[in-house]
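See below for my_file-v4.pdb, which holds PDB, C-alpha atoms, pLDDT in the B column.
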```
ATOM      1  CA  MET A   1     103.750 123.339  68.535  1.00 39.00           C
ATOM      2  CA  ASN A   2     100.798 124.703  66.594  1.00 41.00           C
ATOM      3  CA  ASP A   3      97.094 124.733  67.486  1.00 41.00           C
ATOM      4  CA  GLU A   4      96.260 122.238  64.720  1.00 48.00           C
ATOM      5  CA  SER A   5      98.128 119.488  66.614  1.00 68.00           C
ATOM      6  CA  ILE A   6      95.825 119.698  69.668  1.00 84.00           C
ATOM      7  CA  ASN A   7      92.822 117.371  69.872  1.00 91.00           C
ATOM      8  CA  GLU A   8      90.352 117.717  72.776  1.00 93.00           C
ATOM      9  CA  MET A   9      87.337 115.523  73.539  1.00 94.00           C
ATOM     10  CA  ILE A  10      84.884 115.037  76.372  1.00 95.00           C
ATOM     11  CA  ILE A  11      84.658 111.330  77.227  1.00 95.00           C
ATOM     12  CA  LYS A  12      83.338 108.853  79.776  1.00 94.00           C
ATOM     13  CA  CYS A  13      85.682 108.802  82.793  1.00 94.00           C
ATOM     14  CA  PRO A  14      87.650 105.531  82.850  1.00 92.00           C
ATOM     15  CA  ALA A  15      87.803 105.683  86.664  1.00 93.00           C
ATOM     16  CA  CYS A  16      84.323 106.681  87.892  1.00 95.00           C
ATOM     17  CA  GLY A  17      82.348 105.858  84.737  1.00 93.00           C
ATOM     18  CA  VAL A  18      80.493 109.175  84.624  1.00 93.00           C
ATOM     19  CA  GLU A  19      79.531 109.889  81.020  1.00 93.00           C
ATOM     20  CA  GLY A  20      80.585 113.143  79.344  1.00 92.00           C
ATOM     21  CA  VAL A  21      82.688 114.756  82.087  1.00 94.00           C
ATOM     22  CA  ALA A  22      86.299 113.707  81.548  1.00 94.00           C
ATOM     23  CA  LYS A  23      88.431 115.824  79.246  1.00 95.00           C
ATOM     24  CA  SER A  24      90.886 114.037  76.955  1.00 94.00           C
ATOM     25  CA  ILE A  25      93.636 116.164  75.435  1.00 93.00           C
ATOM     26  CA  MET A  26      96.099 114.886  72.848  1.00 93.00           C
ATOM     27  CA  LYS A  27      98.944 117.059  71.584  1.00 92.00           C
ATOM     28  CA  GLU A  28     101.629 116.207  69.095  1.00 90.00           C
ATOM     29  CA  ILE A  29     104.789 118.001  70.128  1.00 85.00           C
ATOM     30  CA  GLU A  30     108.479 117.891  69.335  1.00 83.00           C
ATOM     31  CA  ILE A  31     110.824 117.543  72.285  1.00 72.00           C
ATOM     32  CA  PRO A  32     114.414 118.677  71.655  1.00 68.00           C
ATOM     33  CA  HIS A  33     116.918 115.773  71.660  1.00 61.00           C
ATOM     34  CA  PHE A  34     114.002 113.328  71.548  1.00 62.00           C
ATOM     35  CA  GLY A  35     111.719 113.850  68.556  1.00 74.00           C
ATOM     36  CA  ASN A  36     107.976 113.862  67.908  1.00 81.00           C
ATOM     37  CA  VAL A  37     105.719 112.588  70.684  1.00 80.00           C
ATOM     38  CA  MET A  38     102.026 112.427  71.442  1.00 85.00           C
ATOM     39  CA  GLU A  39     101.273 113.862  74.879  1.00 86.00           C
ATOM     40  CA  THR A  40      97.954 112.599  76.246  1.00 89.00           C
ATOM     41  CA  THR A  41      96.089 113.749  79.342  1.00 92.00           C
ATOM     42  CA  ILE A  42      92.746 112.649  80.769  1.00 94.00           C
ATOM     43  CA  GLN A  43      91.228 114.651  83.628  1.00 95.00           C
ATOM     44  CA  CYS A  44      87.891 114.097  85.376  1.00 96.00           C
ATOM     45  CA  PRO A  45      86.454 116.950  87.449  1.00 95.00           C
ATOM     46  CA  SER A  46      83.872 114.559  88.905  1.00 93.00           C
ATOM     47  CA  CYS A  47      86.244 112.166  90.721  1.00 96.00           C
ATOM     48  CA  GLY A  48      89.639 113.898  90.341  1.00 95.00           C
ATOM     49  CA  PHE A  49      91.106 111.146  88.132  1.00 95.00           C
ATOM     50  CA  LYS A  50      94.129 112.251  86.110  1.00 92.00           C
ATOM     51  CA  HIS A  51      96.259 110.235  83.709  1.00 89.00           C
ATOM     52  CA  SER A  52      99.117 111.538  81.560  1.00 85.00           C
ATOM     53  CA  ASP A  53     101.331 109.730  79.105  1.00 80.00           C
ATOM     54  CA  ILE A  54     103.941 110.482  76.472  1.00 76.00           C
ATOM     55  CA  ILE A  55     103.980 108.198  73.455  1.00 75.00           C
ATOM     56  CA  ALA A  56     106.936 108.353  71.107  1.00 72.00           C
ATOM     57  CA  LEU A  57     105.942 108.597  67.456  1.00 80.00           C
ATOM     58  CA  GLU A  58     109.352 107.641  66.105  1.00 76.00           C
ATOM     59  CA  GLN A  59     111.398 104.467  66.473  1.00 76.00           C
ATOM     60  CA  ASN A  60     115.175 104.551  66.705  1.00 84.00           C
ATOM     61  CA  ASP A  61     117.884 101.961  67.235  1.00 89.00           C
ATOM     62  CA  PRO A  62     117.906 100.268  70.651  1.00 93.00           C
ATOM     63  CA  ALA A  63     120.002 102.271  73.107  1.00 94.00           C
ATOM     64  CA  LYS A  64     121.425 102.145  76.615  1.00 96.00           C
ATOM     65  CA  TYR A  65     121.793 105.532  78.332  1.00 97.00           C
ATOM     66  CA  VAL A  66     124.199 105.726  81.288  1.00 98.00           C
ATOM     67  CA  LEU A  67     124.713 108.724  83.580  1.00 98.00           C
ATOM     68  CA  GLU A  68     126.502 109.048  86.892  1.00 97.00           C
ATOM     69  CA  ILE A  69     124.109 110.709  89.333  1.00 97.00           C
ATOM     70  CA  ASN A  70     125.758 113.351  91.506  1.00 96.00           C
ATOM     71  CA  LYS A  71     124.863 116.614  93.248  1.00 96.00           C
ATOM     72  CA  ASN A  72     125.643 118.623  90.089  1.00 96.00           C
ATOM     73  CA  ASN A  73     123.263 116.886  87.697  1.00 96.00           C
ATOM     74  CA  LEU A  74     119.989 116.345  89.592  1.00 97.00           C
ATOM     75  CA  SER A  75     118.264 118.826  87.254  1.00 97.00           C
ATOM     76  CA  ILE A  76     119.300 117.124  83.986  1.00 96.00           C
ATOM     77  CA  ARG A  77     116.287 116.270  81.808  1.00 94.00           C
ATOM     78  CA  VAL A  78     115.298 112.616  81.526  1.00 95.00           C
ATOM     79  CA  VAL A  79     112.864 111.286  78.934  1.00 90.00           C
ATOM     80  CA  ARG A  80     111.628 107.764  79.603  1.00 91.00           C
ATOM     81  CA  SER A  81     109.527 106.108  76.916  1.00 85.00           C
ATOM     82  CA  GLN A  82     106.785 103.671  77.851  1.00 84.00           C
ATOM     83  CA  SER A  83     108.995 100.780  76.676  1.00 87.00           C
ATOM     84  CA  ALA A  84     112.153 101.587  78.690  1.00 92.00           C
ATOM     85  CA  THR A  85     113.664  99.900  81.735  1.00 95.00           C
ATOM     86  CA  VAL A  86     115.169 102.225  84.369  1.00 96.00           C
ATOM     87  CA  ILE A  87     117.845 100.932  86.747  1.00 96.00           C
ATOM     88  CA  ILE A  88     120.004 102.359  89.529  1.00 97.00           C
ATOM     89  CA  PRO A  89     122.128  99.283  90.346  1.00 97.00           C
ATOM     90  CA  GLU A  90     123.968 100.675  93.371  1.00 96.00           C
ATOM     91  CA  ILE A  91     120.728 100.970  95.318  1.00 94.00           C
ATOM     92  CA  GLY A  92     119.059  97.899  93.819  1.00 92.00           C
ATOM     93  CA  VAL A  93     116.105  99.565  92.099  1.00 94.00           C
ATOM     94  CA  LYS A  94     114.728  98.676  88.691  1.00 93.00           C
ATOM     95  CA  VAL A  95     111.483  99.482  86.871  1.00 92.00           C
ATOM     96  CA  GLU A  96     110.581  97.414  83.835  1.00 91.00           C
ATOM     97  CA  PRO A  97     107.790  98.307  81.406  1.00 88.00           C
ATOM     98  CA  GLY A  98     104.465  96.541  81.617  1.00 82.00           C
ATOM     99  CA  PRO A  99     101.197  96.781  79.697  1.00 76.00           C
ATOM    100  CA  LYS A 100     100.222  99.949  81.606  1.00 76.00           C
ATOM    101  CA  SER A 101     103.642 101.635  81.457  1.00 80.00           C
ATOM    102  CA  GLU A 102     103.695 105.364  80.929  1.00 81.00           C
ATOM    103  CA  GLY A 103     106.318 107.532  79.357  1.00 82.00           C
ATOM    104  CA  TYR A 104     107.373 110.679  81.152  1.00 87.00           C
ATOM    105  CA  VAL A 105     109.626 113.694  80.967  1.00 87.00           C
ATOM    106  CA  THR A 106     111.278 114.696  84.244  1.00 93.00           C
ATOM    107  CA  ASN A 107     114.769 115.277  85.604  1.00 97.00           C
ATOM    108  CA  VAL A 108     117.209 113.034  87.502  1.00 97.00           C
ATOM    109  CA  GLU A 109     115.726 114.139  90.835  1.00 97.00           C
ATOM    110  CA  GLY A 110     112.255 113.305  89.481  1.00 96.00           C
ATOM    111  CA  VAL A 111     113.401 109.763  88.626  1.00 97.00           C
ATOM    112  CA  LEU A 112     114.691 109.412  92.199  1.00 97.00           C
ATOM    113  CA  THR A 113     111.359 110.723  93.534  1.00 96.00           C
ATOM    114  CA  ARG A 114     109.481 108.094  91.495  1.00 95.00           C
ATOM    115  CA  PHE A 115     111.656 105.339  92.986  1.00 95.00           C
ATOM    116  CA  GLU A 116     111.204 106.881  96.438  1.00 96.00           C
ATOM    117  CA  SER A 117     107.406 106.736  96.078  1.00 94.00           C
ATOM    118  CA  ALA A 118     107.542 103.102  94.944  1.00 91.00           C
ATOM    119  CA  VAL A 119     109.715 102.110  97.916  1.00 93.00           C
ATOM    120  CA  LYS A 120     107.348 103.903 100.320  1.00 93.00           C
ATOM    121  CA  LYS A 121     104.450 101.895  98.854  1.00 91.00           C
ATOM    122  CA  ALA A 122     106.467  98.704  99.303  1.00 86.00           C
ATOM    123  CA  LEU A 123     107.043  99.618 102.962  1.00 88.00           C
ATOM    124  CA  MET A 124     103.271  99.666 103.465  1.00 89.00           C
ATOM    125  CA  LEU A 125     102.675  96.412 101.551  1.00 88.00           C
ATOM    126  CA  PHE A 126     105.329  94.165 103.073  1.00 85.00           C
ATOM    127  CA  ASP A 127     105.489  93.870 106.821  1.00 84.00           C
ATOM    128  CA  ASN A 128     108.084  91.156 107.349  1.00 88.00           C
ATOM    129  CA  GLU A 129     111.241  92.307 109.103  1.00 92.00           C
ATOM    130  CA  GLU A 130     113.703  91.653 106.264  1.00 90.00           C
ATOM    131  CA  SER A 131     111.565  93.446 103.645  1.00 87.00           C
ATOM    132  CA  GLN A 132     111.126  96.428 105.975  1.00 90.00           C
ATOM    133  CA  LYS A 133     114.873  96.593 106.642  1.00 93.00           C
ATOM    134  CA  ASN A 134     115.750  96.370 102.926  1.00 91.00           C
ATOM    135  CA  ALA A 135     113.149  98.946 101.916  1.00 91.00           C
ATOM    136  CA  LYS A 136     114.255 101.410 104.612  1.00 94.00           C
ATOM    137  CA  ASN A 137     117.884 100.983 103.536  1.00 95.00           C
ATOM    138  CA  THR A 138     116.954 101.583  99.878  1.00 95.00           C
ATOM    139  CA  LEU A 139     114.807 104.590 100.817  1.00 95.00           C
ATOM    140  CA  ASN A 140     117.700 106.109 102.786  1.00 96.00           C
ATOM    141  CA  LYS A 141     120.072 105.694  99.801  1.00 96.00           C
ATOM    142  CA  ILE A 142     117.568 107.371  97.450  1.00 96.00           C
ATOM    143  CA  GLN A 143     117.029 110.271  99.855  1.00 96.00           C
ATOM    144  CA  GLU A 144     120.785 110.774 100.251  1.00 97.00           C
ATOM    145  CA  LEU A 145     121.191 110.936  96.451  1.00 97.00           C
ATOM    146  CA  LYS A 146     118.378 113.511  96.257  1.00 96.00           C
ATOM    147  CA  LYS A 147     120.241 115.610  98.849  1.00 96.00           C
ATOM    148  CA  GLY A 148     123.340 115.470  96.647  1.00 95.00           C
ATOM    149  CA  ASN A 149     125.242 113.044  98.880  1.00 96.00           C
ATOM    150  CA  GLY A 150     127.092 110.293  97.043  1.00 95.00           C
ATOM    151  CA  THR A 151     126.909 109.001  93.499  1.00 97.00           C
ATOM    152  CA  ALA A 152     125.122 106.215  91.653  1.00 97.00           C
ATOM    153  CA  THR A 153     124.522 105.162  88.063  1.00 98.00           C
ATOM    154  CA  LEU A 154     121.278 105.882  86.227  1.00 98.00           C
ATOM    155  CA  ILE A 155     120.744 103.407  83.384  1.00 97.00           C
ATOM    156  CA  ILE A 156     117.913 103.513  80.867  1.00 97.00           C
ATOM    157  CA  LEU A 157     117.589 100.551  78.504  1.00 96.00           C
ATOM    158  CA  ASP A 158     115.254 101.287  75.613  1.00 94.00           C
ATOM    159  CA  PRO A 159     114.640  98.631  72.940  1.00 91.00           C
ATOM    160  CA  PHE A 160     113.129 101.289  70.641  1.00 87.00           C
ATOM    161  CA  GLY A 161     115.667 104.053  71.376  1.00 88.00           C
ATOM    162  CA  GLN A 162     112.947 106.550  72.272  1.00 85.00           C
ATOM    163  CA  SER A 163     114.266 107.598  75.678  1.00 89.00           C
ATOM    164  CA  ASN A 164     117.009 110.109  76.395  1.00 90.00           C
ATOM    165  CA  ILE A 165     119.094 111.711  79.109  1.00 94.00           C
ATOM    166  CA  VAL A 166     119.844 115.230  77.890  1.00 92.00           C
ATOM    167  CA  SER A 167     123.431 115.769  79.013  1.00 93.00           C
ATOM    168  CA  GLU A 168     126.851 115.993  77.451  1.00 94.00           C
ATOM    169  CA  ASN A 169     127.968 113.536  80.157  1.00 95.00           C
ATOM    170  CA  VAL A 170     125.537 110.770  79.185  1.00 96.00           C
ATOM    171  CA  GLU A 171     127.067 107.682  77.645  1.00 97.00           C
ATOM    172  CA  ILE A 172     124.909 106.207  74.865  1.00 95.00           C
ATOM    173  CA  LEU A 173     125.702 102.588  74.067  1.00 95.00           C
ATOM    174  CA  GLU A 174     124.347  99.839  71.854  1.00 94.00           C
ATOM    175  CA  ILE A 175     122.442  97.086  73.612  1.00 92.00           C
ATOM    176  CA  PRO A 176     124.009  93.685  72.837  1.00 88.00           C
ATOM    177  CA  ASP A 177     121.636  91.291  70.997  1.00 87.00           C
ATOM    178  CA  GLU A 178     121.534  88.745  73.838  1.00 86.00           C
ATOM    179  CA  GLU A 179     120.595  91.483  76.347  1.00 86.00           C
ATOM    180  CA  LEU A 180     118.106  93.024  73.909  1.00 85.00           C
ATOM    181  CA  HIS A 181     116.336  89.680  73.450  1.00 81.00           C
ATOM    182  CA  ASP A 182     115.589  89.460  77.203  1.00 81.00           C
ATOM    183  CA  LEU A 183     114.595  93.117  77.588  1.00 79.00           C
ATOM    184  CA  LYS A 184     110.934  93.750  78.382  1.00 74.00           C
ATOM    185  CA  THR A 185     109.066  96.205  76.155  1.00 69.00           C
ATOM    186  CA  GLY A 186     105.692  96.401  77.878  1.00 62.00           C
ATOM    187  CA  PHE A 187     104.005  95.150  74.714  1.00 52.00           C
ATOM    188  CA  SER A 188     102.428  91.719  74.295  1.00 45.00           C
ATOM    189  CA  HIS A 189     103.625  89.565  71.478  1.00 42.00           C
ATOM    190  CA  ILE A 190     102.780  86.125  70.162  1.00 41.00           C
ATOM    191  CA  GLU A 191     105.511  83.757  69.126  1.00 47.00           C
ATOM    192  CA  GLU A 192     104.847  81.025  66.609  1.00 48.00           C
ATOM    193  CA  ASN A 193     105.916  77.493  67.481  1.00 45.00           C
TER     194      ASN A 193
END
```
Will you turn the file into structure tokens for me?
Amino acid sequence: MNDESINEMIIKCPACGVEGVAKSIMKEIEIPHFGNVMETTIQCPSCGFKHSDIIALEQNDPAKYVLEINKNNLSIRVVRSQSATVIIPEIGVKVEPGPKSEGYVTNVEGVLTRFESAVKKALMLFDNEESQKNAKNTLNKIQELKKGNGTATLIILDPFGQSNIVSENVEILEIPDEELHDLKTGFSHIEEN
């Protein structure tokens, strides 16, 4: 990365609305095994708001990345583009992209931590007995995987092929057309009648 690829601005905070305090930083960087991306960060010292995103600047063929999660690969790097769906079928968790989806770079344990946080939020939102039981069961499975107990399958479906799991053990597959057609991208589109 060189200094010419960094762009900084002071902007109005999108959270608190205070003019001229939030710092917006955009950097174009190249991530090995992934390609060129735009890393964006907005930070507001006034209210503490922080937002980060990674936007892929290249489009590749649609791809399905499959990795068996086990105690030996929790530190493997995972790149999830803003348009990718992440699934761990054995524990029944799935995140699909929406209009506010963010890309991120983490590791397998970080993906599990993101699911763990989402399940904890669900525990606070839903108070019926069955939802509580299911969420607690899912949370326990995630926490056991993070401890290195058991195995599960991490699947990333990316219609633009911008995600990656950086491992020699990852299986990279084509996404069949019928599955690709139903895959969410997080982008709005208008179909003509």
**Prompt:** What lies within 6 Å of stretch 105-117 of chain A using all atoms listed in the file, ignoring chain neighbours under 4 positions off, as a VMD selection string?
**Reply:** chain A and resid 74 to 79
**Request:** List the residues sitting within 8 Å of (100.6, 115.1, 81.9) in the file's frame, using only C-alpha atoms, as a VMD selection string.
**Result:** chain A and resid 39 to 41 51 to 54
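If you look at atom CA of A:Asn164 and atom CA of A:Thr85, they are 12.0 Å away from each other.
Here the PyMOL selection byres ((chain A and resi 147) around 12) captures the residues Ile69, Asn70, Lys71, Asn72, Asn73, Leu74, Glu109, Leu112, Thr113, Asn140, Lys141, Ile142, Gln143, Glu144, Leu145, Lys146, Gly148, Asn149, Gly150 and Thr151 of chain A.
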Distance query A:Val18 at most 10 Å, all atoms listed in the file, self and fewer than 4 positions along chain excluded, as a PDB file with C-alpha atoms, in the coordinates of the input:
```pdb
ATOM      1  CA  ILE A  11      84.658 111.330  77.227  1.00 95.00           C
ATOM      2  CA  LYS A  12      83.338 108.853  79.776  1.00 94.00           C
ATOM      3  CA  CYS A  13      85.682 108.802  82.793  1.00 94.00           C
ATOM      4  CA  PRO A  14      87.650 105.531  82.850  1.00 92.00           C
ATOM      5  CA  ALA A  22      86.299 113.707  81.548  1.00 94.00           C
ATOM      6  CA  CYS A  44      87.891 114.097  85.376  1.00 96.00           C
ATOM      7  CA  SER A  46      83.872 114.559  88.905  1.00 93.00           C
ATOM      8  CA  CYS A  47      86.244 112.166  90.721  1.00 96.00           C
TER       9      CYS A  47
END
```
**Item:** For atom CA of A:Glu30 and atom CA of A:Glu102, the interatomic separation in Å (one decimal)
**Value:** 17.7 Å
What's the 6 Å shell around A:Leu67, counting all atoms listed in the file, without same-chain residues fewer than 6 positions away, as a PDB file with C-alpha atoms, keeping the file's coordinate frame?
```pdb
ATOM      1  CA  THR A 153     124.522 105.162  88.063  1.00 98.00           C
ATOM      2  CA  LEU A 154     121.278 105.882  86.227  1.00 98.00           C
ATOM      3  CA  VAL A 170     125.537 110.770  79.185  1.00 96.00           C
TER       4      VAL A 170
END
```
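As for atom CA of A:Pro62 and atom CA of A:Ile156, they are spaced 10.7 Å apart.
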**Request:** Tell me which protein, DNA and RNA residues are within 12 Å of A:Gln132, counting all atoms listed in the file, leaving out same-chain ones fewer than 4 positions away, and put them as a PyMOL selection string.
**Result:** chain A and resi 119-128+136-139
**Item:** Contacts of A:Met9 at 8 Å (all atoms listed in the file; same-chain gap of 6+ positions) as JSON, numbers by chain
**Value:** {"A": [23, 24, 25]}
Please define a box with edges along x, y and z of the file around all atoms of stretch 67-72 of chain A given in the file, extend it by 4 Å on each side, and return its centre and edge lengths in Å to one decimal, as JSON.
```
{"center_x": 125.3, "center_y": 113.7, "center_z": 88.4, "size_x": 10.4, "size_y": 17.9, "size_z": 17.7}
```
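Evaluating the PyMOL selection byres ((chain A and resi 171) around 7) against the shown model yields Tyr65, Val66, Leu67, Asn169, Val170, Ile172 and Leu173 of chain A.
Among the candidates A:Ile29, A:Leu57, A:Val21, A:Ala63, the residue lying nearest to A:Asp177 is A:Ala63 (atoms considered: all atoms listed in the file).
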**Request:** Using all atoms listed in the file, pick whichever of A:Pro89, A:Pro97, A:Pro45, A:Gly35 has the shortest atom-to-atom distance to A:Glu19.
**Result:** A:Pro45
